[in-house]
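Quick look at data23.tsv (TSV, C-alpha atoms (C1' of nucleotides)):
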```
chain	number	residue	atom	x	y	z
A	1409	MET	CA	12.92	-0.77	-11.82
A	1410	PHE	CA	12.22	0.30	-8.28
A	1411	GLN	CA	9.78	3.10	-7.69
A	1412	GLY	CA	7.29	4.13	-5.05
A	1413	ALA	CA	7.59	5.00	-1.40
A	1414	ALA	CA	6.75	2.70	1.50
A	1415	ALA	CA	6.41	3.60	5.17
A	1416	LEU	CA	8.00	0.78	7.16
A	1417	SER	CA	9.45	0.22	10.56
A	1418	LEU	CA	12.70	-1.27	11.76
A	1419	ASP	CA	12.30	-4.02	14.33
A	1420	ALA	CA	14.06	-3.98	17.69
A	1421	LYS	CA	17.16	-5.53	16.15
A	1422	GLY	CA	17.45	-3.06	13.30
A	1423	ARG	CA	16.02	-5.29	10.62
A	1424	LEU	CA	13.93	-4.03	7.72
A	1425	THR	CA	11.37	-6.09	5.81
A	1426	VAL	CA	11.41	-5.68	2.04
A	1427	PRO	CA	7.83	-4.88	0.93
A	1428	SER	CA	6.31	-7.75	-0.99
A	1429	ARG	CA	5.62	-5.74	-4.11
A	1430	HIS	CA	9.36	-5.24	-4.70
A	1431	ARG	CA	10.40	-8.83	-4.15
A	1432	ASP	CA	9.85	-10.00	-7.70
A	1433	ALA	CA	12.00	-7.20	-9.07
A	1434	LEU	CA	14.84	-8.17	-6.73
A	1435	LEU	CA	14.67	-11.81	-7.77
A	1436	GLU	CA	14.88	-10.86	-11.44
A	1437	ASN	CA	18.32	-9.34	-10.92
A	1438	ASP	CA	19.71	-12.43	-9.25
A	1439	SER	CA	18.41	-14.99	-6.87
A	1440	PRO	CA	18.89	-15.20	-4.06
A	1441	PRO	CA	19.23	-11.40	-4.16
A	1442	ASN	CA	22.63	-10.08	-3.15
A	1443	LEU	CA	22.36	-6.60	-1.74
A	1444	VAL	CA	24.71	-3.82	-0.70
A	1445	VAL	CA	23.86	-1.00	1.70
A	1446	THR	CA	25.90	2.19	1.94
A	1447	ALA	CA	25.65	5.80	3.04
A	1448	HIS	CA	24.68	8.90	1.05
A	1449	PRO	CA	25.77	12.47	1.95
A	1450	ASP	CA	22.15	13.64	2.11
A	1451	GLY	CA	21.69	11.55	5.25
A	1452	CYS	CA	20.01	8.50	3.82
A	1453	LEU	CA	21.20	4.99	3.04
A	1454	LEU	CA	21.39	3.39	-0.38
A	1455	LEU	CA	20.27	-0.17	-1.01
A	1456	TYR	CA	21.62	-1.69	-4.23
A	1457	PRO	CA	21.40	-5.08	-5.85
A	1458	ALA	CA	25.04	-6.22	-5.81
A	1459	LYS	CA	25.19	-6.34	-9.60
A	1460	ALA	CA	24.14	-2.74	-9.92
A	1461	TRP	CA	26.51	-1.63	-7.18
A	1462	ALA	CA	29.65	-3.23	-8.62
A	1463	PRO	CA	30.23	-0.76	-11.50
A	1464	ILE	CA	29.53	2.22	-9.24
A	1465	ARG	CA	31.99	0.98	-6.68
A	1466	ALA	CA	34.57	0.44	-9.39
A	1467	ARG	CA	34.14	3.99	-10.62
A	1468	VAL	CA	34.40	5.50	-7.15
A	1469	MET	CA	37.53	3.48	-6.42
A	1470	GLY	CA	39.10	5.05	-9.47
A	1471	PHE	CA	38.71	8.58	-8.16
A	1472	PRO	CA	42.01	10.49	-7.78
A	1473	ALA	CA	43.21	9.50	-4.32
A	1474	LEU	CA	44.81	12.76	-3.25
A	1475	ASP	CA	42.03	15.15	-4.23
A	1476	SER	CA	40.02	15.69	-1.07
A	1477	ARG	CA	36.89	16.64	-3.00
A	1478	PHE	CA	36.85	13.06	-4.22
A	1479	SER	CA	38.02	11.35	-1.09
A	1480	VAL	CA	35.03	12.53	0.93
A	1481	TRP	CA	32.74	10.75	-1.49
A	1482	LYS	CA	34.94	7.69	-1.53
A	1483	ARG	CA	35.05	7.47	2.25
A	1484	LEU	CA	31.32	7.63	2.42
A	1485	LEU	CA	30.29	5.44	-0.48
A	1486	VAL	CA	32.96	2.79	-0.19
A	1487	GLY	CA	33.75	3.20	3.47
A	1488	PHE	CA	30.23	2.53	4.64
A	1489	ALA	CA	29.34	-0.10	2.08
A	1490	GLU	CA	28.44	-3.52	3.39
A	1491	GLU	CA	26.93	-6.59	1.84
A	1492	VAL	CA	23.70	-7.66	3.49
A	1493	GLU	CA	21.85	-10.94	3.37
A	1494	ILE	CA	18.14	-11.38	3.10
A	1495	ASP	CA	16.70	-13.84	5.61
A	1496	ALA	CA	13.80	-16.22	5.12
A	1497	ALA	CA	11.34	-13.49	6.04
A	1498	TRP	CA	12.79	-11.04	3.48
A	1499	ARG	CA	14.47	-8.89	6.09
A	1500	VAL	CA	17.81	-7.10	5.82
A	1501	LEU	CA	19.85	-6.23	8.88
A	1502	ILE	CA	21.08	-2.65	8.96
A	1503	SER	CA	24.27	-2.40	10.99
A	1504	PRO	CA	24.41	-0.06	14.00
A	1505	GLU	CA	26.95	2.12	12.17
A	1506	LEU	CA	24.65	2.70	9.22
A	1507	ARG	CA	21.62	3.13	11.45
A	1508	ASN	CA	23.50	5.72	13.40
A	1509	PHE	CA	24.66	7.51	10.26
A	1510	ALA	CA	21.12	7.89	8.92
A	1511	LYS	CA	19.58	8.46	12.36
A	1512	LEU	CA	17.20	5.56	11.87
A	1513	ASP	CA	14.81	4.60	14.62
A	1514	LYS	CA	11.50	2.76	14.21
A	1515	PRO	CA	9.69	4.69	11.46
A	1516	VAL	CA	11.48	4.57	8.12
A	1517	MET	CA	10.74	5.38	4.48
A	1518	LEU	CA	11.91	3.10	1.70
A	1519	VAL	CA	12.02	5.04	-1.55
A	1520	GLY	CA	12.50	3.47	-4.98
A	1521	GLN	CA	14.94	5.31	-7.21
A	1522	GLY	CA	15.04	3.17	-10.33
A	1523	SER	CA	18.25	1.21	-9.96
A	1524	HIS	CA	18.23	1.21	-6.17
A	1525	PHE	CA	16.37	2.20	-3.01
A	1526	GLU	CA	16.96	4.97	-0.54
A	1527	ILE	CA	16.30	4.35	3.15
A	1528	TRP	CA	15.37	7.42	5.18
A	1529	SER	CA	14.42	8.05	8.73
A	1530	LYS	CA	10.86	9.36	8.53
A	1531	ASP	CA	11.87	12.69	10.09
A	1532	THR	CA	14.74	13.31	7.69
A	1533	TRP	CA	12.57	12.34	4.73
A	1534	GLU	CA	9.95	14.90	5.63
A	1535	LYS	CA	12.57	17.63	6.01
A	1536	GLN	CA	13.88	16.66	2.62
A	1537	LEU	CA	10.43	17.15	1.10
A	1538	GLN	CA	9.95	20.53	2.69
A	1539	GLN	CA	13.21	21.61	1.13
A	1540	LEU	CA	11.74	21.03	-2.33
A	1541	THR	CA	8.58	22.97	-1.54
A	1542	ALA	CA	10.63	25.90	-0.29
A	1543	GLN	CA	12.97	25.82	-3.27
A	1544	THR	CA	12.13	28.67	-5.63
A	1545	GLU	CA	14.68	28.34	-8.40
A	1546	LEU	CA	14.93	25.49	-10.79
A	1547	PRO	CA	18.31	23.91	-11.41
A	1548	PRO	CA	19.89	24.81	-14.78
A	1549	GLY	CA	18.60	22.77	-17.69
A	1550	MET	CA	15.31	22.06	-16.00
A	1551	GLU	CA	13.52	25.30	-16.84
A	1552	ASP	CA	11.71	23.75	-19.79
A	1553	PHE	CA	10.65	20.70	-17.84
A	1554	ALA	CA	7.01	19.92	-18.55
A	1555	LEU	CA	5.00	17.82	-16.17
B	882	MET	CA	-7.09	15.48	-23.66
B	883	PHE	CA	-8.24	15.82	-20.09
B	884	GLN	CA	-9.83	19.04	-18.97
B	885	GLY	CA	-12.33	20.19	-16.40
B	886	ALA	CA	-12.41	20.03	-12.65
B	887	ALA	CA	-14.50	17.53	-10.74
B	888	ALA	CA	-15.31	17.47	-7.04
B	889	LEU	CA	-15.06	13.87	-5.89
B	890	SER	CA	-14.61	11.98	-2.68
B	891	LEU	CA	-12.27	9.24	-1.60
B	892	ASP	CA	-13.99	6.30	0.01
B	893	ALA	CA	-12.96	4.84	3.36
B	894	LYS	CA	-10.30	2.71	1.71
B	895	GLY	CA	-8.70	5.54	-0.22
B	896	ARG	CA	-10.22	4.74	-3.58
B	897	LEU	CA	-11.10	7.35	-6.19
B	898	THR	CA	-13.69	6.84	-8.91
B	899	VAL	CA	-12.76	8.14	-12.37
B	900	PRO	CA	-15.67	10.30	-13.61
B	901	SER	CA	-17.43	8.67	-16.53
B	902	ARG	CA	-16.87	11.56	-18.92
B	903	HIS	CA	-13.11	10.91	-18.83
B	904	ARG	CA	-13.29	7.18	-19.36
B	905	ASP	CA	-13.39	7.20	-23.13
B	906	ALA	CA	-10.30	9.40	-23.26
B	907	LEU	CA	-8.42	6.95	-21.05
B	908	LEU	CA	-9.42	4.00	-23.19
B	909	GLU	CA	-8.18	5.74	-26.33
B	910	ASN	CA	-4.61	5.77	-25.02
B	911	ASP	CA	-4.56	2.09	-24.21
B	912	SER	CA	-6.98	-0.41	-22.87
B	913	PRO	CA	-7.20	-1.48	-20.22
B	914	PRO	CA	-5.84	1.89	-19.13
B	915	ASN	CA	-2.45	1.73	-17.40
B	916	LEU	CA	-2.05	4.59	-14.98
B	917	VAL	CA	0.73	6.03	-12.85
B	918	VAL	CA	0.24	8.23	-9.80
B	919	THR	CA	3.02	10.35	-8.35
B	920	ALA	CA	3.61	13.45	-6.24
B	921	HIS	CA	4.02	17.10	-7.26
B	922	PRO	CA	5.97	19.68	-5.21
B	923	ASP	CA	2.90	21.91	-4.95
B	924	GLY	CA	1.28	19.30	-2.72
B	925	CYS	CA	-0.98	17.57	-5.20
B	926	LEU	CA	-0.76	14.21	-6.92
B	927	LEU	CA	-0.36	13.61	-10.64
B	928	LEU	CA	-2.29	10.93	-12.49
B	929	TYR	CA	-0.76	9.96	-15.84
B	930	PRO	CA	-1.56	7.40	-18.48
B	931	ALA	CA	1.50	5.13	-18.36
B	932	LYS	CA	2.46	6.00	-21.94
B	933	ALA	CA	2.57	9.71	-21.19
B	934	TRP	CA	4.50	9.15	-17.99
B	935	ALA	CA	7.28	7.03	-19.47
B	936	PRO	CA	9.20	9.87	-21.25
B	937	ILE	CA	9.00	12.09	-18.17
B	938	ARG	CA	10.36	9.35	-15.97
B	939	ALA	CA	13.13	8.70	-18.47
B	940	ARG	CA	14.18	12.34	-18.33
B	941	VAL	CA	14.12	12.45	-14.53
B	942	MET	CA	16.19	9.28	-14.33
B	943	GLY	CA	18.79	10.97	-16.48
B	944	PHE	CA	19.34	13.85	-14.05
B	945	PRO	CA	22.89	14.13	-12.63
B	946	ALA	CA	22.78	11.78	-9.66
B	947	LEU	CA	25.15	13.57	-7.32
B	948	ASP	CA	23.67	17.06	-7.70
B	949	SER	CA	21.25	17.48	-4.83
B	950	ARG	CA	19.23	20.16	-6.63
B	951	PHE	CA	18.19	17.40	-9.03
B	952	SER	CA	17.98	14.48	-6.65
B	953	VAL	CA	15.22	16.12	-4.65
B	954	TRP	CA	13.11	16.09	-7.78
B	955	LYS	CA	13.95	12.51	-8.54
B	956	ARG	CA	13.07	11.51	-5.00
B	957	LEU	CA	9.69	13.13	-5.38
B	958	LEU	CA	8.75	12.15	-8.92
B	959	VAL	CA	10.26	8.67	-9.12
B	960	GLY	CA	10.23	7.98	-5.40
B	961	PHE	CA	6.50	8.41	-5.12
B	962	ALA	CA	5.51	6.99	-8.49
B	963	GLU	CA	3.39	3.89	-8.49
B	964	GLU	CA	1.43	2.05	-11.12
B	965	VAL	CA	-2.22	1.79	-10.23
B	966	GLU	CA	-4.86	-0.56	-11.53
B	967	ILE	CA	-8.43	0.35	-12.30
B	968	ASP	CA	-11.02	-1.98	-10.79
B	969	ALA	CA	-14.33	-3.03	-12.30
B	970	ALA	CA	-16.00	0.10	-10.95
B	971	TRP	CA	-13.37	2.43	-12.48
B	972	ARG	CA	-11.74	3.17	-9.16
B	973	VAL	CA	-8.03	3.70	-8.49
B	974	LEU	CA	-6.52	2.99	-5.10
B	975	ILE	CA	-4.32	5.79	-3.74
B	976	SER	CA	-1.70	4.36	-1.38
B	977	PRO	CA	-1.47	5.65	2.20
B	978	GLU	CA	1.93	7.20	1.43
B	979	LEU	CA	0.54	9.29	-1.43
B	980	ARG	CA	-2.60	10.17	0.51
B	981	ASN	CA	-0.43	11.34	3.35
B	982	PHE	CA	1.78	13.40	1.06
B	983	ALA	CA	-1.14	15.29	-0.47
B	984	LYS	CA	-3.10	15.41	2.80
B	985	LEU	CA	-6.08	13.76	1.13
B	986	ASP	CA	-9.15	13.03	3.16
B	987	LYS	CA	-12.71	12.61	1.86
B	988	PRO	CA	-13.25	15.70	-0.35
B	989	VAL	CA	-10.94	15.83	-3.35
B	990	MET	CA	-10.62	17.78	-6.60
B	991	LEU	CA	-9.69	16.04	-9.83
B	992	VAL	CA	-8.39	18.60	-12.30
B	993	GLY	CA	-7.73	17.85	-15.98
B	994	GLN	CA	-4.41	19.21	-17.22
B	995	GLY	CA	-4.33	18.05	-20.82
B	996	SER	CA	-1.91	15.15	-20.71
B	997	HIS	CA	-2.73	14.21	-17.13
B	998	PHE	CA	-4.84	14.90	-14.06
B	999	GLU	CA	-4.02	16.60	-10.81
B	1000	ILE	CA	-5.54	15.30	-7.59
B	1001	TRP	CA	-5.90	17.87	-4.81
B	1002	SER	CA	-7.28	17.77	-1.35
B	1003	LYS	CA	-10.16	20.22	-1.41
B	1004	ASP	CA	-8.51	22.38	1.25
B	1005	THR	CA	-5.20	22.64	-0.54
B	1006	TRP	CA	-6.97	23.33	-3.82
B	1007	GLU	CA	-8.82	26.28	-2.37
B	1008	LYS	CA	-5.67	27.72	-0.83
B	1009	GLN	CA	-4.02	27.36	-4.20
B	1010	LEU	CA	-6.82	29.34	-5.82
B	1011	GLN	CA	-6.61	32.14	-3.29
B	1012	GLN	CA	-2.92	32.41	-3.94
B	1013	LEU	CA	-3.55	32.81	-7.65
B	1014	THR	CA	-6.21	35.46	-7.05
B	1015	ALA	CA	-3.90	37.39	-4.76
B	1016	GLN	CA	-1.01	37.29	-7.19
B	1017	THR	CA	-0.55	40.67	-8.82
B	1018	GLU	CA	2.45	40.27	-11.09
B	1019	LEU	CA	2.52	38.19	-14.22
B	1020	PRO	CA	5.46	35.88	-14.83
B	1021	PRO	CA	7.86	36.99	-17.59
B	1022	GLY	CA	6.69	36.11	-21.10
B	1023	MET	CA	3.04	36.20	-20.14
B	1024	GLU	CA	2.50	39.97	-20.37
B	1025	ASP	CA	1.19	39.79	-23.93
B	1026	PHE	CA	-1.05	36.83	-23.24
B	1027	ALA	CA	-4.45	37.23	-24.91
B	1028	LEU	CA	-7.47	35.44	-23.55
C	442	DA	C1'	30.52	-23.37	30.92
C	443	DC	C1'	27.96	-19.43	31.18
C	444	DT	C1'	26.30	-15.20	29.35
C	445	DA	C1'	24.91	-12.19	25.93
C	446	DA	C1'	23.77	-11.08	21.47
C	447	DA	C1'	22.13	-12.26	17.12
C	448	DA	C1'	19.57	-15.03	14.04
C	449	DG	C1'	15.42	-17.68	13.17
C	450	DC	C1'	10.80	-18.95	13.88
C	451	DT	C1'	5.99	-18.48	15.12
C	452	DA	C1'	1.88	-16.21	15.99
C	453	DC	C1'	-0.99	-12.29	15.96
C	454	DT	C1'	-2.83	-8.09	14.07
C	455	DA	C1'	-3.71	-4.90	10.65
C	456	DT	C1'	-4.09	-4.06	6.04
C	457	DT	C1'	-5.15	-5.15	1.48
C	458	DT	C1'	-7.77	-7.13	-2.13
C	459	DC	C1'	-11.58	-8.98	-4.20
C	460	DC	C1'	-16.36	-9.29	-4.65
C	461	DC	C1'	-21.18	-8.24	-4.02
C	462	DA	C1'	-25.19	-5.41	-3.14
C	463	DC	C1'	-27.70	-1.33	-2.76
C	464	DT	C1'	-28.82	3.49	-3.99
C	465	DT	C1'	-29.04	7.04	-7.20
C	466	DT	C1'	-29.03	9.19	-11.57
C	467	DA	C1'	-29.57	9.63	-16.34
C	468	DG	C1'	-31.64	8.39	-20.57
C	469	DA	C1'	-34.94	6.34	-23.61
C	470	DG	C1'	-39.41	4.99	-24.89
C	471	DA	C1'	-44.27	4.94	-24.29
D	236	DT	C1'	-44.55	13.68	-18.78
D	237	DC	C1'	-44.13	9.58	-16.49
D	238	DT	C1'	-42.07	5.14	-16.10
D	239	DC	C1'	-38.89	1.67	-16.84
D	240	DT	C1'	-34.21	0.25	-17.64
D	241	DA	C1'	-29.47	0.53	-17.61
D	242	DA	C1'	-25.46	2.48	-16.01
D	243	DA	C1'	-22.86	4.71	-12.49
D	244	DG	C1'	-21.52	5.78	-7.91
D	245	DT	C1'	-21.14	4.21	-3.14
D	246	DG	C1'	-20.59	1.40	0.58
D	247	DG	C1'	-19.60	-2.75	2.98
D	248	DG	C1'	-18.06	-7.56	4.12
D	249	DA	C1'	-15.07	-11.56	4.02
D	250	DA	C1'	-10.94	-13.92	2.83
D	251	DA	C1'	-6.19	-13.70	2.06
D	252	DT	C1'	-1.83	-11.78	2.87
D	253	DA	C1'	1.63	-8.68	4.50
D	254	DG	C1'	3.95	-6.55	8.38
D	255	DT	C1'	5.36	-6.56	13.09
D	256	DA	C1'	6.48	-8.10	17.52
D	257	DG	C1'	7.65	-11.44	20.74
D	258	DC	C1'	9.72	-15.73	21.87
D	259	DT	C1'	13.03	-19.53	21.22
D	260	DT	C1'	17.21	-21.39	19.65
D	261	DT	C1'	21.80	-21.11	18.28
D	262	DT	C1'	26.34	-19.26	18.15
D	263	DA	C1'	30.21	-16.85	19.67
D	264	DG	C1'	32.96	-14.80	23.07
D	265	DT	C1'	34.69	-14.48	27.70
```
Structure re-expressed in structure tokens:
Amino acid sequence: MFQGAAALSLDAKGRLTVPSRHRDALLENDSPPNLVVTAHPDGCLLLYPAKAWAPIRARVMGFPALDSRFSVWKRLLVGFAEEVEIDAAWRVLISPELRNFAKLDKPVMLVGQGSHFEIWSKDTWEKQLQQLTAQTELPPGMEDFAL
Amino acid sequence: MFQGAAALSLDAKGRLTVPSRHRDALLENDSPPNLVVTAHPDGCLLLYPAKAWAPIRARVMGFPALDSRFSVWKRLLVGFAEEVEIDAAWRVLISPELRNFAKLDKPVMLVGQGSHFEIWSKDTWEKQLQQLTAQTELPPGMEDFAL
DNA sequence: ACTAAAAGCTACTATTTCCCACTTTAGAGA
DNA sequence: TCTCTAAAGTGGGAAATAGTAGCTTTTAGT
């Protein structure tokens, strides 16, 4: 279970250090941890343990090939996916293509989402938050949500 | 049952002391008390006993993943959630990310909300109150509310 | 073989965490 | 009512650790 947000920074070579408090959770899944990074339409990247990614990838690959509503998702999720290694200092290298997609420069937010992490440029993340504050209507089925 | 508002202050390291009158209630739930802090769209933080938080988190995790109206909520509620420990002096440490989200500096309000607490920066809390005072129309279903 | 880029390593700095001490307040007993 | 005691709130310091940046080494490509 990954949860919690961490403000981090990419180094000059586009590498991102995994915060120490998440390392145990990654090792539980498999060790050494195999990870997959891919792109999300909201402008962030997704970081999955390989085992958790496999079934999702399988499902996306099964989308009807000629329906363009599906192919956009497939191009993004499968097309951008790459396996990344963790080095001795617990860093993952984000490729220039993915960095460019998510507009990542130094300051970055790593956000736990249960099965995976999202990686946001700090700017984009803050815009994302403002969107929620501005949002007036609740999505259907959430009206009775009690916090 | 947590109720009542308390004016408190964060110390230089971002720690918040739980007022003594709420300590018994926390110990009733489980001891030592396991707590979770997360973010709320209104700009405050939520402090839950772990047992009360679990079902909420479960529901949020079940939201449709590809519908962005829901994922914003998941990003906020799960993305910011972190388990906090209580030290020997009944203090909880609020991480820089959460402090930054809720714009917390020294003066803070801790507001009991039954199942949980809300943590507000004093400034934001006062703005919130003014907004309520200025509000003229009652939300639907509250017209017959008897105090 | 030389150059450039990427991977790895090392060292420094900032943060975190744990612990201790002091001040203040509340409550009980004389 | 005053004093003594215990508990609570507050602040601070030191040690450990995490994060970052810079430097070196290796590898690949020309």
### Message
Between D:DC258, D:DA253, D:DA263, D:DA242, which residue has the minimum interatomic distance to chain A, considering all atoms listed in the file?
### Response
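The closest residue to chain A is D:DA253.
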Go through chain D and flag each residue having an atom no more than 10 Å from segment 446-464 of chain C; for those, report the closest pair of atoms plus their distance in Å to one decimal, using all atoms listed in the file, ordered by chain and rising number, as JSON lines.
```
{"residue": "D:DG244", "atom": "C1'", "partner": "C:DT464", "partner_atom": "C1'", "distance": 8.6}
{"residue": "D:DT245", "atom": "C1'", "partner": "C:DT464", "partner_atom": "C1'", "distance": 7.8}
{"residue": "D:DG246", "atom": "C1'", "partner": "C:DC463", "partner_atom": "C1'", "distance": 8.3}
{"residue": "D:DG247", "atom": "C1'", "partner": "C:DA462", "partner_atom": "C1'", "distance": 8.7}
{"residue": "D:DG248", "atom": "C1'", "partner": "C:DC461", "partner_atom": "C1'", "distance": 8.7}
{"residue": "D:DA249", "atom": "C1'", "partner": "C:DC460", "partner_atom": "C1'", "distance": 9.1}
{"residue": "D:DA250", "atom": "C1'", "partner": "C:DC459", "partner_atom": "C1'", "distance": 8.6}
{"residue": "D:DA251", "atom": "C1'", "partner": "C:DT458", "partner_atom": "C1'", "distance": 8.0}
{"residue": "D:DT252", "atom": "C1'", "partner": "C:DT457", "partner_atom": "C1'", "distance": 7.5}
{"residue": "D:DA253", "atom": "C1'", "partner": "C:DT456", "partner_atom": "C1'", "distance": 7.5}
{"residue": "D:DG254", "atom": "C1'", "partner": "C:DA455", "partner_atom": "C1'", "distance": 8.2}
{"residue": "D:DT255", "atom": "C1'", "partner": "C:DT454", "partner_atom": "C1'", "distance": 8.4}
{"residue": "D:DA256", "atom": "C1'", "partner": "C:DC453", "partner_atom": "C1'", "distance": 8.7}
{"residue": "D:DG257", "atom": "C1'", "partner": "C:DA452", "partner_atom": "C1'", "distance": 8.9}
{"residue": "D:DC258", "atom": "C1'", "partner": "C:DT451", "partner_atom": "C1'", "distance": 8.2}
{"residue": "D:DT259", "atom": "C1'", "partner": "C:DC450", "partner_atom": "C1'", "distance": 7.7}
{"residue": "D:DT260", "atom": "C1'", "partner": "C:DG449", "partner_atom": "C1'", "distance": 7.7}
{"residue": "D:DT261", "atom": "C1'", "partner": "C:DA448", "partner_atom": "C1'", "distance": 7.7}
{"residue": "D:DT262", "atom": "C1'", "partner": "C:DA447", "partner_atom": "C1'", "distance": 8.2}
{"residue": "D:DA263", "atom": "C1'", "partner": "C:DA446", "partner_atom": "C1'", "distance": 8.8}
```
### Query
Around (12.1, 1.5, -9.9) in the file's own coordinates, what residues are found within 9 Å if you use all atoms listed in the file, given back as an MDAnalysis selection string?
(chainID A and resid 1409:1412 1430 1433 1520:1525) or (chainID B and resid 959:960 962)
### Message
Only residues of chain B matter here; which ones have an atom within 7 Å of chain A, counting all atoms listed in the file? Give them as a PyMOL selection string.
### Response
chain B and resi 922-923+950-951+953+956+959-963+978
### Query
For chain A against chain C, which residues fall within 10 Å using all atoms listed in the file, given as a list of chain:residue names?
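Therefore, the residues near the partner are A:Lys1421, A:Asp1495, A:Ala1496, A:Ala1497.
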### Task
Find the residues in chain A near chain D: any atom within 9 Å counts, using all atoms listed in the file. Write them as a PyMOL selection string.
chain A and resi 1416-1417+1419-1420+1425+1427-1428
### Task
Determine the nearest neighbour of Leu897 of chain B from the options B:Phe944, B:Phe982, B:Trp971, B:Trp1001, counting all atoms listed in the file.
B:Trp971
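Atom pair atom CA of Ile1502 of chain A / atom CA of Asn1437 of chain A: separated by 21.2 Å.
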### d(atom CA of Val899 of chain B, atom CA of Leu979 of chain B) in Å
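Pair atom CA of Val899 of chain B / atom CA of Leu979 of chain B returns 17.3 Å.
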How big is the axis-aligned box around the listed atoms of segment 1442-1456 of chain A once 6 Å is added on each side, and where is its centre? Give both in Å to one decimal, as lines of an AutoDock Vina configuration file.
```
center_x = 23.0
center_y = 1.8
center_z = 0.5
size_x = 17.9
size_y = 35.7
size_z = 21.5
```
### Task
Could you give me, as a PyMOL selection string, the residues within 10 Å of Arg938 of chain B, counting all atoms listed in the file and dropping anything in the same chain fewer than 2 positions from it?
(chain A and resi 1522) or (chain B and resi 933-936+940-943+955+958-959+962)
Create the file for the chosen residues now, containing C-alpha atoms and written as a PDB file, keeping the file's coordinate frame.
```pdb
ATOM      1  CA  GLY A1522      15.040   3.170 -10.330  1.00  0.00           C
TER       2      GLY A1522
ATOM      3  CA  ALA B 933       2.570   9.710 -21.190  1.00  0.00           C
ATOM      4  CA  TRP B 934       4.500   9.150 -17.990  1.00  0.00           C
ATOM      5  CA  ALA B 935       7.280   7.030 -19.470  1.00  0.00           C
ATOM      6  CA  PRO B 936       9.200   9.870 -21.250  1.00  0.00           C
ATOM      7  CA  ARG B 940      14.180  12.340 -18.330  1.00  0.00           C
ATOM      8  CA  VAL B 941      14.120  12.450 -14.530  1.00  0.00           C
ATOM      9  CA  MET B 942      16.190   9.280 -14.330  1.00  0.00           C
ATOM     10  CA  GLY B 943      18.790  10.970 -16.480  1.00  0.00           C
ATOM     11  CA  LYS B 955      13.950  12.510  -8.540  1.00  0.00           C
ATOM     12  CA  LEU B 958       8.750  12.150  -8.920  1.00  0.00           C
ATOM     13  CA  VAL B 959      10.260   8.670  -9.120  1.00  0.00           C
ATOM     14  CA  ALA B 962       5.510   6.990  -8.490  1.00  0.00           C
TER      15      ALA B 962
END
```
